[in-house]
Structure formats: structure tokens, C-alpha cells
file entry_38.cif (mmCIF, C-alpha atoms)
data_my_file
loop_
_atom_site.group_PDB
_atom_site.id
_atom_site.type_symbol
_atom_site.label_atom_id
_atom_site.label_comp_id
_atom_site.auth_asym_id
_atom_site.auth_seq_id
_atom_site.Cartn_x
_atom_site.Cartn_y
_atom_site.Cartn_z
ATOM 1 C CA MET A 10 21.927 -14.670 -4.217
ATOM 2 C CA ASN A 11 23.540 -12.807 -1.322
ATOM 3 C CA ASP A 12 23.037 -9.481 -3.046
ATOM 4 C CA TYR A 13 19.445 -10.416 -3.812
ATOM 5 C CA ARG A 14 18.809 -11.251 -0.154
ATOM 6 C CA ARG A 15 20.379 -7.995 1.000
ATOM 7 C CA ARG A 16 18.037 -6.093 -1.309
ATOM 8 C CA GLY A 17 15.190 -8.198 0.055
ATOM 9 C CA THR A 18 15.975 -7.213 3.644
ATOM 10 C CA MET A 19 15.914 -3.568 2.677
ATOM 11 C CA VAL A 20 12.687 -3.915 0.723
ATOM 12 C CA GLU A 21 10.973 -5.960 3.403
ATOM 13 C CA GLY A 22 11.746 -3.344 6.008
ATOM 14 C CA GLN A 23 10.414 -0.555 3.848
ATOM 15 C CA ILE A 24 7.417 -2.328 2.379
ATOM 16 C CA PHE A 25 6.063 -3.800 5.581
ATOM 17 C CA ARG A 26 6.973 -1.314 8.268
ATOM 18 C CA VAL A 27 7.639 2.128 6.841
ATOM 19 C CA PRO A 28 4.475 2.425 4.694
ATOM 20 C CA LEU A 29 2.264 1.304 7.566
ATOM 21 C CA GLU A 30 3.924 3.796 9.892
ATOM 22 C CA GLU A 31 3.395 6.576 7.362
ATOM 23 C CA LEU A 32 -0.150 5.453 6.607
ATOM 24 C CA ALA A 33 -0.961 5.660 10.292
ATOM 25 C CA ASN A 34 -0.125 9.372 10.104
ATOM 26 C CA VAL A 35 -1.174 10.115 6.535
ATOM 27 C CA LYS A 36 -4.217 12.163 7.558
ATOM 28 C CA SER A 37 -4.661 15.215 9.725
ATOM 29 C CA LYS A 38 -7.023 15.265 12.695
ATOM 30 C CA GLU A 39 -9.605 16.653 10.297
ATOM 31 C CA GLY A 40 -9.202 13.658 7.984
ATOM 32 C CA LYS A 41 -7.215 15.454 5.253
ATOM 33 C CA ILE A 42 -4.340 13.712 3.428
ATOM 34 C CA LEU A 43 -0.957 15.125 4.453
ATOM 35 C CA THR A 44 1.592 15.721 1.713
ATOM 36 C CA LYS A 45 4.823 14.493 3.297
ATOM 37 C CA PRO A 46 3.532 11.189 4.740
ATOM 38 C CA PHE A 47 1.755 10.392 1.469
ATOM 39 C CA LEU A 48 4.929 10.929 -0.541
ATOM 40 C CA ASN A 49 6.924 8.870 1.951
ATOM 41 C CA VAL A 50 4.560 5.942 1.458
ATOM 42 C CA CYS A 51 5.018 6.206 -2.307
ATOM 43 C CA LYS A 52 8.807 6.367 -1.920
ATOM 44 C CA SER A 53 8.813 3.116 0.015
ATOM 45 C CA VAL A 54 7.357 1.278 -2.991
ATOM 46 C CA LEU A 55 10.256 2.213 -5.298
ATOM 47 C CA PRO A 56 12.564 -0.634 -4.158
ATOM 48 C CA VAL A 57 9.905 -3.151 -5.208
ATOM 49 C CA LEU A 58 9.911 -1.723 -8.718
ATOM 50 C CA ASP A 59 13.673 -2.310 -8.705
ATOM 51 C CA MET A 60 13.002 -5.964 -7.957
ATOM 52 C CA LEU A 61 10.826 -6.263 -11.057
ATOM 53 C CA GLY A 62 13.880 -5.854 -13.255
ATOM 54 C CA GLY A 63 15.654 -3.241 -15.313
ATOM 55 C CA ALA A 64 12.937 -3.171 -17.945
ATOM 56 C CA PHE A 65 10.651 -1.629 -15.337
ATOM 57 C CA SER A 66 12.988 1.316 -14.863
ATOM 58 C CA PHE A 67 10.592 3.426 -16.956
ATOM 59 C CA VAL A 68 7.874 2.844 -14.342
ATOM 60 C CA LYS A 69 10.205 3.642 -11.469
ATOM 61 C CA SER A 70 11.470 6.728 -13.282
ATOM 62 C CA ASP A 71 7.924 7.979 -13.821
ATOM 63 C CA VAL A 72 6.894 7.348 -10.220
ATOM 64 C CA GLY A 73 10.118 8.819 -8.854
ATOM 65 C CA GLY A 74 9.856 11.907 -11.046
ATOM 66 C CA ASN A 75 6.312 12.606 -9.900
ATOM 67 C CA ILE A 76 7.316 12.205 -6.263
ATOM 68 C CA LEU A 77 10.178 14.660 -6.736
ATOM 69 C CA ARG A 78 7.922 17.224 -8.430
ATOM 70 C CA LEU A 79 5.400 17.132 -5.600
ATOM 71 C CA GLU A 80 8.117 17.051 -2.948
ATOM 72 C CA SER A 81 9.808 20.079 -4.457
ATOM 73 C CA ARG A 82 6.561 22.045 -4.335
ATOM 74 C CA TYR A 83 5.946 20.956 -0.748
ATOM 75 C CA GLU A 84 9.434 21.963 0.351
ATOM 76 C CA SER A 85 9.019 25.399 -1.236
ATOM 77 C CA ASN A 86 6.436 26.166 1.454
ATOM 78 C CA PRO A 87 5.768 23.302 3.904
ATOM 79 C CA CYS A 88 3.186 25.298 5.829
ATOM 80 C CA GLU A 89 1.064 26.190 2.806
ATOM 81 C CA TYR A 90 1.391 22.755 1.220
ATOM 82 C CA LYS A 91 1.011 20.666 4.342
ATOM 83 C CA LEU A 92 -2.196 19.228 2.898
ATOM 84 C CA LEU A 93 -1.795 17.306 -0.363
ATOM 85 C CA TYR A 94 -4.744 18.784 -2.211
ATOM 86 C CA ARG A 95 -3.634 22.340 -1.434
ATOM 87 C CA VAL A 96 -0.879 21.819 -4.013
ATOM 88 C CA VAL A 97 -3.539 21.235 -6.662
ATOM 89 C CA GLU A 98 -5.859 23.972 -5.409
ATOM 90 C CA LYS A 99 -3.038 26.527 -5.723
ATOM 91 C CA GLU A 100 -2.420 25.476 -9.317
ATOM 92 C CA ILE A 101 -6.126 25.795 -10.078
ATOM 93 C CA GLU A 102 -6.004 29.345 -8.685
ATOM 94 C CA ASP A 103 -2.990 30.054 -10.899
ATOM 95 C CA LYS A 104 -4.606 28.269 -13.877
ATOM 96 C CA THR A 105 -1.562 25.998 -14.295
ATOM 97 C CA HIS A 106 -3.110 22.679 -13.206
ATOM 98 C CA LYS A 107 -3.688 21.427 -16.757
ATOM 99 C CA SER A 108 -0.031 21.709 -17.741
ATOM 100 C CA SER A 109 1.785 18.426 -18.367
ATOM 101 C CA SER A 110 4.490 19.645 -15.973
ATOM 102 C CA SER A 111 2.053 20.562 -13.190
ATOM 103 C CA CYS A 112 1.936 18.998 -9.754
ATOM 104 C CA THR A 113 -1.682 18.137 -10.491
ATOM 105 C CA ASN A 114 -0.514 15.972 -13.367
ATOM 106 C CA ALA A 115 2.184 14.504 -11.124
ATOM 107 C CA LEU A 116 -0.385 13.558 -8.483
ATOM 108 C CA LEU A 117 -2.587 11.936 -11.123
ATOM 109 C CA TRP A 118 0.180 9.731 -12.513
ATOM 110 C CA LEU A 119 1.684 9.001 -9.114
ATOM 111 C CA THR A 120 -1.715 7.778 -7.929
ATOM 112 C CA ARG A 121 -2.048 5.599 -11.018
ATOM 113 C CA GLY A 122 1.434 4.175 -10.487
ATOM 114 C CA MET A 123 0.525 3.303 -6.911
ATOM 115 C CA ASP A 124 -2.742 1.756 -8.150
ATOM 116 C CA TYR A 125 -0.640 -0.565 -10.294
ATOM 117 C CA SER A 126 1.642 -1.576 -7.422
ATOM 118 C CA VAL A 127 -1.185 -2.216 -4.960
ATOM 119 C CA LYS A 128 -3.134 -4.254 -7.505
ATOM 120 C CA MET A 129 -0.035 -6.321 -8.259
ATOM 121 C CA PHE A 130 0.476 -7.081 -4.563
ATOM 122 C CA SER A 131 -3.198 -7.968 -4.207
ATOM 123 C CA ASN A 132 -3.016 -10.300 -7.205
ATOM 124 C CA LEU A 133 -0.085 -12.155 -5.682
ATOM 125 C CA GLU A 134 -2.054 -12.667 -2.491
ATOM 126 C CA GLU A 135 -5.388 -13.573 -4.094
ATOM 127 C CA HIS A 136 -4.058 -15.782 -6.902
ATOM 128 C CA LYS A 137 -1.359 -17.979 -5.415
ATOM 129 C CA ASN A 138 -1.101 -20.023 -8.618
ATOM 130 C CA TRP A 139 -0.432 -16.994 -10.825
ATOM 131 C CA SER A 140 3.004 -16.291 -12.221
ATOM 132 C CA MET A 141 4.591 -12.861 -11.889
ATOM 133 C CA GLN A 142 3.679 -12.243 -15.517
ATOM 134 C CA GLU A 143 0.017 -12.988 -14.848
ATOM 135 C CA ALA A 144 -0.103 -10.849 -11.703
ATOM 136 C CA CYS A 145 1.617 -7.886 -13.345
ATOM 137 C CA ASN A 146 -0.246 -8.113 -16.624
ATOM 138 C CA ASP A 147 -3.642 -8.204 -14.898
ATOM 139 C CA SER A 148 -2.672 -5.250 -12.749
ATOM 140 C CA TYR A 149 -1.484 -3.281 -15.767
ATOM 141 C CA ASN A 150 -4.658 -4.000 -17.733
ATOM 142 C CA LYS A 151 -6.829 -2.829 -14.840
ATOM 143 C CA THR A 152 -4.888 0.291 -13.876
ATOM 144 C CA LEU A 153 -2.467 1.860 -16.366
ATOM 145 C CA LYS A 154 -3.123 0.402 -19.794
ATOM 146 C CA SER A 155 -6.193 2.468 -20.665
ATOM 147 C CA TRP A 156 -4.239 5.674 -19.992
ATOM 148 C CA HIS A 157 -1.076 4.749 -21.920
ATOM 149 C CA GLY A 158 -0.176 5.258 -25.545
ATOM 150 C CA TRP A 159 0.994 2.458 -27.820
ATOM 151 C CA LEU A 160 4.711 2.984 -27.059
ATOM 152 C CA ALA A 161 4.259 2.642 -23.295
ATOM 153 C CA ILE A 162 2.070 -0.425 -23.804
ATOM 154 C CA LYS A 163 4.704 -2.011 -26.035
ATOM 155 C CA THR A 164 7.439 -1.226 -23.499
ATOM 156 C CA PHE A 165 5.412 -2.853 -20.757
ATOM 157 C CA HIS A 166 4.919 -6.048 -22.740
ATOM 158 C CA VAL A 167 8.674 -6.259 -23.337
ATOM 159 C CA ALA A 168 9.216 -5.879 -19.583
ATOM 160 C CA MET A 169 6.873 -8.808 -18.962
ATOM 161 C CA LYS A 170 9.454 -11.142 -20.463
ATOM 162 C CA LEU A 171 12.106 -10.062 -17.961
ATOM 163 C CA LEU A 172 10.233 -10.421 -14.683
ATOM 164 C CA PRO A 173 11.792 -12.444 -11.842
ATOM 165 C CA ASP A 174 10.476 -15.841 -10.827
ATOM 166 C CA ARG A 175 7.453 -15.580 -8.527
ATOM 167 C CA GLU A 176 8.940 -17.812 -5.836
ATOM 168 C CA LYS A 177 12.138 -15.782 -5.597
ATOM 169 C CA PHE A 178 10.217 -12.514 -5.652
ATOM 170 C CA MET A 179 7.924 -13.651 -2.841
ATOM 171 C CA GLN A 180 10.837 -14.936 -0.754
ATOM 172 C CA VAL A 181 12.313 -11.454 -0.835
ATOM 173 C CA LEU A 182 9.042 -9.572 -0.506
ATOM 174 C CA CYS A 183 7.507 -11.743 2.227
ATOM 175 C CA CYS A 184 9.919 -13.938 4.172
ATOM 176 C CA GLY A 185 9.538 -17.583 3.219
ATOM 177 C CA GLY A 186 7.366 -16.829 0.219
ATOM 178 C CA GLU A 187 4.187 -16.224 2.226
ATOM 179 C CA PHE A 188 2.119 -13.097 1.728
ATOM 180 C CA GLY A 189 2.476 -11.330 5.047
ATOM 181 C CA PRO A 190 -0.395 -9.741 6.953
ATOM 182 C CA GLU A 191 1.462 -6.415 6.911
ATOM 183 C CA MET A 192 1.320 -6.224 3.130
ATOM 184 C CA LYS A 193 -2.347 -7.217 3.083
ATOM 185 C CA LYS A 194 -3.063 -4.361 5.475
ATOM 186 C CA PHE A 195 -0.949 -2.028 3.354
ATOM 187 C CA CYS A 196 -2.980 -2.874 0.242
ATOM 188 C CA THR A 197 -6.288 -2.353 2.020
ATOM 189 C CA ASP A 198 -5.371 0.878 3.780
ATOM 190 C CA PHE A 199 -3.489 2.488 0.917
ATOM 191 C CA SER A 200 -6.209 1.625 -1.604
ATOM 192 C CA SER A 201 -8.658 3.797 0.307
ATOM 193 C CA VAL A 202 -6.232 6.730 0.208
ATOM 194 C CA LEU A 203 -5.682 6.295 -3.530
ATOM 195 C CA GLU A 204 -9.437 6.142 -4.105
ATOM 196 C CA GLU A 205 -9.773 9.433 -2.249
ATOM 197 C CA ASN A 206 -7.208 10.935 -4.638
ATOM 198 C CA HIS A 207 -9.200 9.723 -7.639
ATOM 199 C CA LYS A 208 -12.410 11.230 -6.293
ATOM 200 C CA PHE A 209 -10.704 14.565 -5.722
ATOM 201 C CA LEU A 210 -9.100 14.583 -9.179
ATOM 202 C CA ALA A 211 -12.422 13.621 -10.755
ATOM 203 C CA SER A 212 -14.115 16.524 -8.974
ATOM 204 C CA ILE A 213 -11.842 18.942 -10.838
ATOM 205 C CA GLY A 214 -12.040 17.092 -14.151
ATOM 206 C CA MET A 215 -8.496 15.736 -14.041
ATOM 207 C CA ASP A 216 -8.939 12.005 -13.478
ATOM 208 C CA ASN A 217 -9.476 10.908 -17.073
ATOM 209 C CA LEU A 218 -6.417 12.366 -18.791
ATOM 210 C CA LYS A 219 -4.367 10.097 -21.045
ATOM 211 C CA ALA A 220 -0.629 10.166 -21.596
#
call {"tool": "encode", "arguments": {"input": "entry_38.cif", "output": "C-alpha cells"}}
result
Amino acid sequence: MNDYRRRGTMVEGQIFRVPLEELANVKSKEGKILTKPFLNVCKSVLPVLDMLGGAFSFVKSDVGGNILRLESRYESNPCEYKLLYRVVEKEIEDKTHKSSSSCTNALLWLTRGMDYSVKMFSNLEEHKNWSMQEACNDSYNKTLKSWHGWLAIKTFHVAMKLLPDREKFMQVLCCGGEFGPEMKKFCTDFSSVLEENHKFLASIGMDNLKA
């Protein structure tokens, strides 16, 4: 229990404060999404995936790998890639954006992974009688499932059996088991950023790719 609470303190600090701080600075004065703050927001969600159990390591690995791919490109030239969509635009110029190892593909799947997380948080707030299994399964069905192959779907359903108890999860995520106003704001604000990503990816014909 002590270890669980220590992890909870870390997660609470990152989930409630860090993402909101980054979200406050996620856009330039011109309203463009900035690469580094966006990736930092995504990073802060990773500890929550840890809390969902070892079976969800495949989700965390996918999200983490996509963050690293985009971060590596950004760090190769921070000035050129200051704006998130410039990473994709450069690949379009180089005709490499459709590669499975492209940063465009990484942005697509990172956005979908964040869709899943935000929907899960929203479910926990909106449906206080739902179990973790219900909240996660609904989120998966509405975000990732239609893009996954049969193996990923099967892996997810196995993970459903290993989720933590809702009460314990909420005690760690939101002190005392209540859904905090910070997380509600995070879901609302980050959802609009993710929707902007989808619109951009759709405009270049890259928002409907399956695994």
C-alpha cells in the first residue's frame, strides 16, 4: 500500500499540475501547437498507464515510442520543428510521411493513445457507478478498437481482467476518490488539442490509417 501511495503522489502531481501547466503554453501566440509542450503533456500521462497494470505495458510502450520518435525529430532541429505540424509538413515535402516509421505515423498513434486516456478519465467522471473495466472498455471501443488488428484487440481484452479496483485507482488519481476539477479541466482542454490534430491529419489523408 505504501508503494502504491507513493506512486499515487507522483501521478497526482503530474496528472493534475504538469499537464495543465504545459497546456497553458501549448500554443504559440499565433495559435499553433508547439511541439515540446505537446509532448510534455503526453509524457505526463504515462504514469497513469502504469497504474492500469502490467498488461497495459503494450499501450505505454506504443505511446512512449511515439513520443520518443517525435522528440528525437524535434531535438534534431528545435528551431525548425518548434511547431508540431512542421514535423509532418517536412515529411510530406520529403515524401516519407506515409512510412510506418514516420513521425506523421507517430503523431497519429500518439493522438489516438491520448484520445483513449482522456475518454477513460471522462468516463470515470461521468459514470460514477462504472467499474474500471467498464470505463476502459467503453473508451477503447470509442477510440482505438476500430484501428486495431485482431491481435491488439485480443491483448486489450486480456488486460481488462487485470485492471485495478476503481476505488483504489481513484484514491491514487484524485485524492479521496473524488474526480478533481483539475482533471476535468485537463480532459476538456486537451480534447480540443487532440481534435485539432485529427483535423490536420485528416486534411492530409492520414487520419484513417489502421494498424
call {"tool": "atom_distance", "arguments": {"input": "entry_38.cif", "atom1": "CA of Gly40 (chain A)", "atom2": "CA of Thr120 (chain A)"}}
result
18.5 Å
call {"tool": "closest_residue", "arguments": {"input": "entry_38.cif", "among": "A:Ser140, A:Ser126, A:Ser201, A:Ser109", "to": "Lys177 (chain A)", "atoms": "all atoms listed in the file"}}
result
A:Ser140
call {"tool": "residues_near_point", "arguments": {"input": "entry_38.cif", "point": "(-4.5, 20.3, -9.3)", "cutoff": "8 Å", "atoms": "all atoms listed in the file", "output": "ChimeraX atom specification"}}
result
/A:94,96-101,106-107,111-114,116,210,213,215
call {"tool": "closest_atom_pairs", "arguments": {"input": "entry_38.cif", "of": "region 36-151 of chain A", "to": "region 155-168 of chain A", "cutoff": "10 Å", "atoms": "all atoms listed in the file", "output": "Markdown table"}}
result
| residue | atom | partner | partner_atom | distance |
| --- | --- | --- | --- | --- |
| A:Leu61 | CA | A:Ala168 | CA | 8.7 |
| A:Gly62 | CA | A:Ala168 | CA | 7.9 |
| A:Gly63 | CA | A:Ala168 | CA | 8.2 |
| A:Ala64 | CA | A:Ala168 | CA | 4.9 |
| A:Phe65 | CA | A:Ala168 | CA | 6.2 |
| A:Ser66 | CA | A:Ala168 | CA | 9.4 |
| A:Phe67 | CA | A:Thr164 | CA | 8.6 |
| A:Val68 | CA | A:Phe165 | CA | 8.9 |
| A:Trp118 | CA | A:Trp156 | CA | 9.6 |
| A:Arg121 | CA | A:Trp156 | CA | 9.2 |
| A:Gln142 | CA | A:Ala168 | CA | 9.4 |
| A:Cys145 | CA | A:Phe165 | CA | 9.7 |
| A:Asn146 | CA | A:His166 | CA | 8.3 |
| A:Tyr149 | CA | A:Phe165 | CA | 8.5 |
| A:Asn150 | CA | A:Ser155 | CA | 7.3 |
| A:Lys151 | CA | A:Ser155 | CA | 7.9 |
call {"tool": "closest_residue", "arguments": {"input": "entry_38.cif", "among": "A:Arg175, A:Glu39, A:Asn49, A:Glu31", "to": "Trp139 (chain A)", "atoms": "all atoms listed in the file"}}
result
A:Arg175
call {"tool": "atom_distance", "arguments": {"input": "entry_38.cif", "atom1": "CA of Lys128 (chain A)", "atom2": "CA of Cys196 (chain A)"}}
result
7.9 Å
call {"tool": "residues_around", "arguments": {"input": "entry_38.cif", "residues": "Cys51 (chain A)", "least_positions_apart": "4", "cutoff": "8 Å", "atoms": "only C-alpha atoms", "output": "number ranges by chain"}}
result
A: 28, 47, 55, 76, 123
call {"tool": "residues_near_point", "arguments": {"input": "entry_38.cif", "point": "(2.2, -13.7, -9.8)", "cutoff": "10 Å", "atoms": "all atoms listed in the file", "output": "PDB file with C-alpha atoms, keeping the file's coordinate frame"}}
result
ATOM      1  CA  MET A 129      -0.035  -6.321  -8.259  1.00  0.00           C
ATOM      2  CA  PHE A 130       0.476  -7.081  -4.563  1.00  0.00           C
ATOM      3  CA  SER A 131      -3.198  -7.968  -4.207  1.00  0.00           C
ATOM      4  CA  ASN A 132      -3.016 -10.300  -7.205  1.00  0.00           C
ATOM      5  CA  LEU A 133      -0.085 -12.155  -5.682  1.00  0.00           C
ATOM      6  CA  GLU A 134      -2.054 -12.667  -2.491  1.00  0.00           C
ATOM      7  CA  GLU A 135      -5.388 -13.573  -4.094  1.00  0.00           C
ATOM      8  CA  HIS A 136      -4.058 -15.782  -6.902  1.00  0.00           C
ATOM      9  CA  LYS A 137      -1.359 -17.979  -5.415  1.00  0.00           C
ATOM     10  CA  ASN A 138      -1.101 -20.023  -8.618  1.00  0.00           C
ATOM     11  CA  TRP A 139      -0.432 -16.994 -10.825  1.00  0.00           C
ATOM     12  CA  SER A 140       3.004 -16.291 -12.221  1.00  0.00           C
ATOM     13  CA  MET A 141       4.591 -12.861 -11.889  1.00  0.00           C
ATOM     14  CA  GLN A 142       3.679 -12.243 -15.517  1.00  0.00           C
ATOM     15  CA  GLU A 143       0.017 -12.988 -14.848  1.00  0.00           C
ATOM     16  CA  ALA A 144      -0.103 -10.849 -11.703  1.00  0.00           C
ATOM     17  CA  CYS A 145       1.617  -7.886 -13.345  1.00  0.00           C
ATOM     18  CA  ASN A 146      -0.246  -8.113 -16.624  1.00  0.00           C
ATOM     19  CA  ASP A 147      -3.642  -8.204 -14.898  1.00  0.00           C
ATOM     20  CA  LEU A 172      10.233 -10.421 -14.683  1.00  0.00           C
ATOM     21  CA  PRO A 173      11.792 -12.444 -11.842  1.00  0.00           C
ATOM     22  CA  ASP A 174      10.476 -15.841 -10.827  1.00  0.00           C
ATOM     23  CA  ARG A 175       7.453 -15.580  -8.527  1.00  0.00           C
ATOM     24  CA  GLU A 176       8.940 -17.812  -5.836  1.00  0.00           C
ATOM     25  CA  PHE A 178      10.217 -12.514  -5.652  1.00  0.00           C
ATOM     26  CA  MET A 179       7.924 -13.651  -2.841  1.00  0.00           C
TER      27      MET A 179
END
call {"tool": "atom_distance", "arguments": {"input": "entry_38.cif", "atom1": "CA of Leu32 (chain A)", "atom2": "CA of Lys91 (chain A)"}}
result
15.4 Å
call {"tool": "resolve_selection", "arguments": {"input": "entry_38.cif", "expression": "the PyMOL selection byres ((chain A and resi 195) around 9)", "output": "list in words"}}
result
Ile24, Phe25, Pro28, Leu29, Leu32, Val127, Pro190, Glu191, Met192, Lys193, Lys194, Cys196, Thr197, Asp198, Phe199 and Ser200 of chain A
call {"tool": "closest_residue", "arguments": {"input": "entry_38.cif", "among": "A:Thr44, A:Val202, A:Asp59, A:Ala220", "to": "Asn86 (chain A)", "atoms": "all atoms listed in the file"}}
result
A:Thr44
call {"tool": "closest_residue", "arguments": {"input": "entry_38.cif", "among": "A:Leu218, A:Leu119, A:Leu43, A:Leu153", "to": "Arg78 (chain A)", "atoms": "only C-alpha atoms"}}
result
A:Leu119
call {"tool": "resolve_selection", "arguments": {"input": "entry_38.cif", "expression": "the PyMOL selection byres ((chain A and resi 80) around 10)", "output": "list in words"}}
result
Thr44, Lys45, Leu48, Asn49, Gly74, Asn75, Ile76, Leu77, Arg78, Leu79, Ser81, Arg82, Tyr83, Glu84, Ser85, Pro87, Tyr90 and Cys112 of chain A
call {"tool": "residues_around", "arguments": {"input": "entry_38.cif", "residues": "Tyr125 (chain A)", "least_positions_apart": "3", "cutoff": "6 Å", "atoms": "all atoms listed in the file", "output": "VMD selection string"}}
result
chain A and resid 122 128 148 152
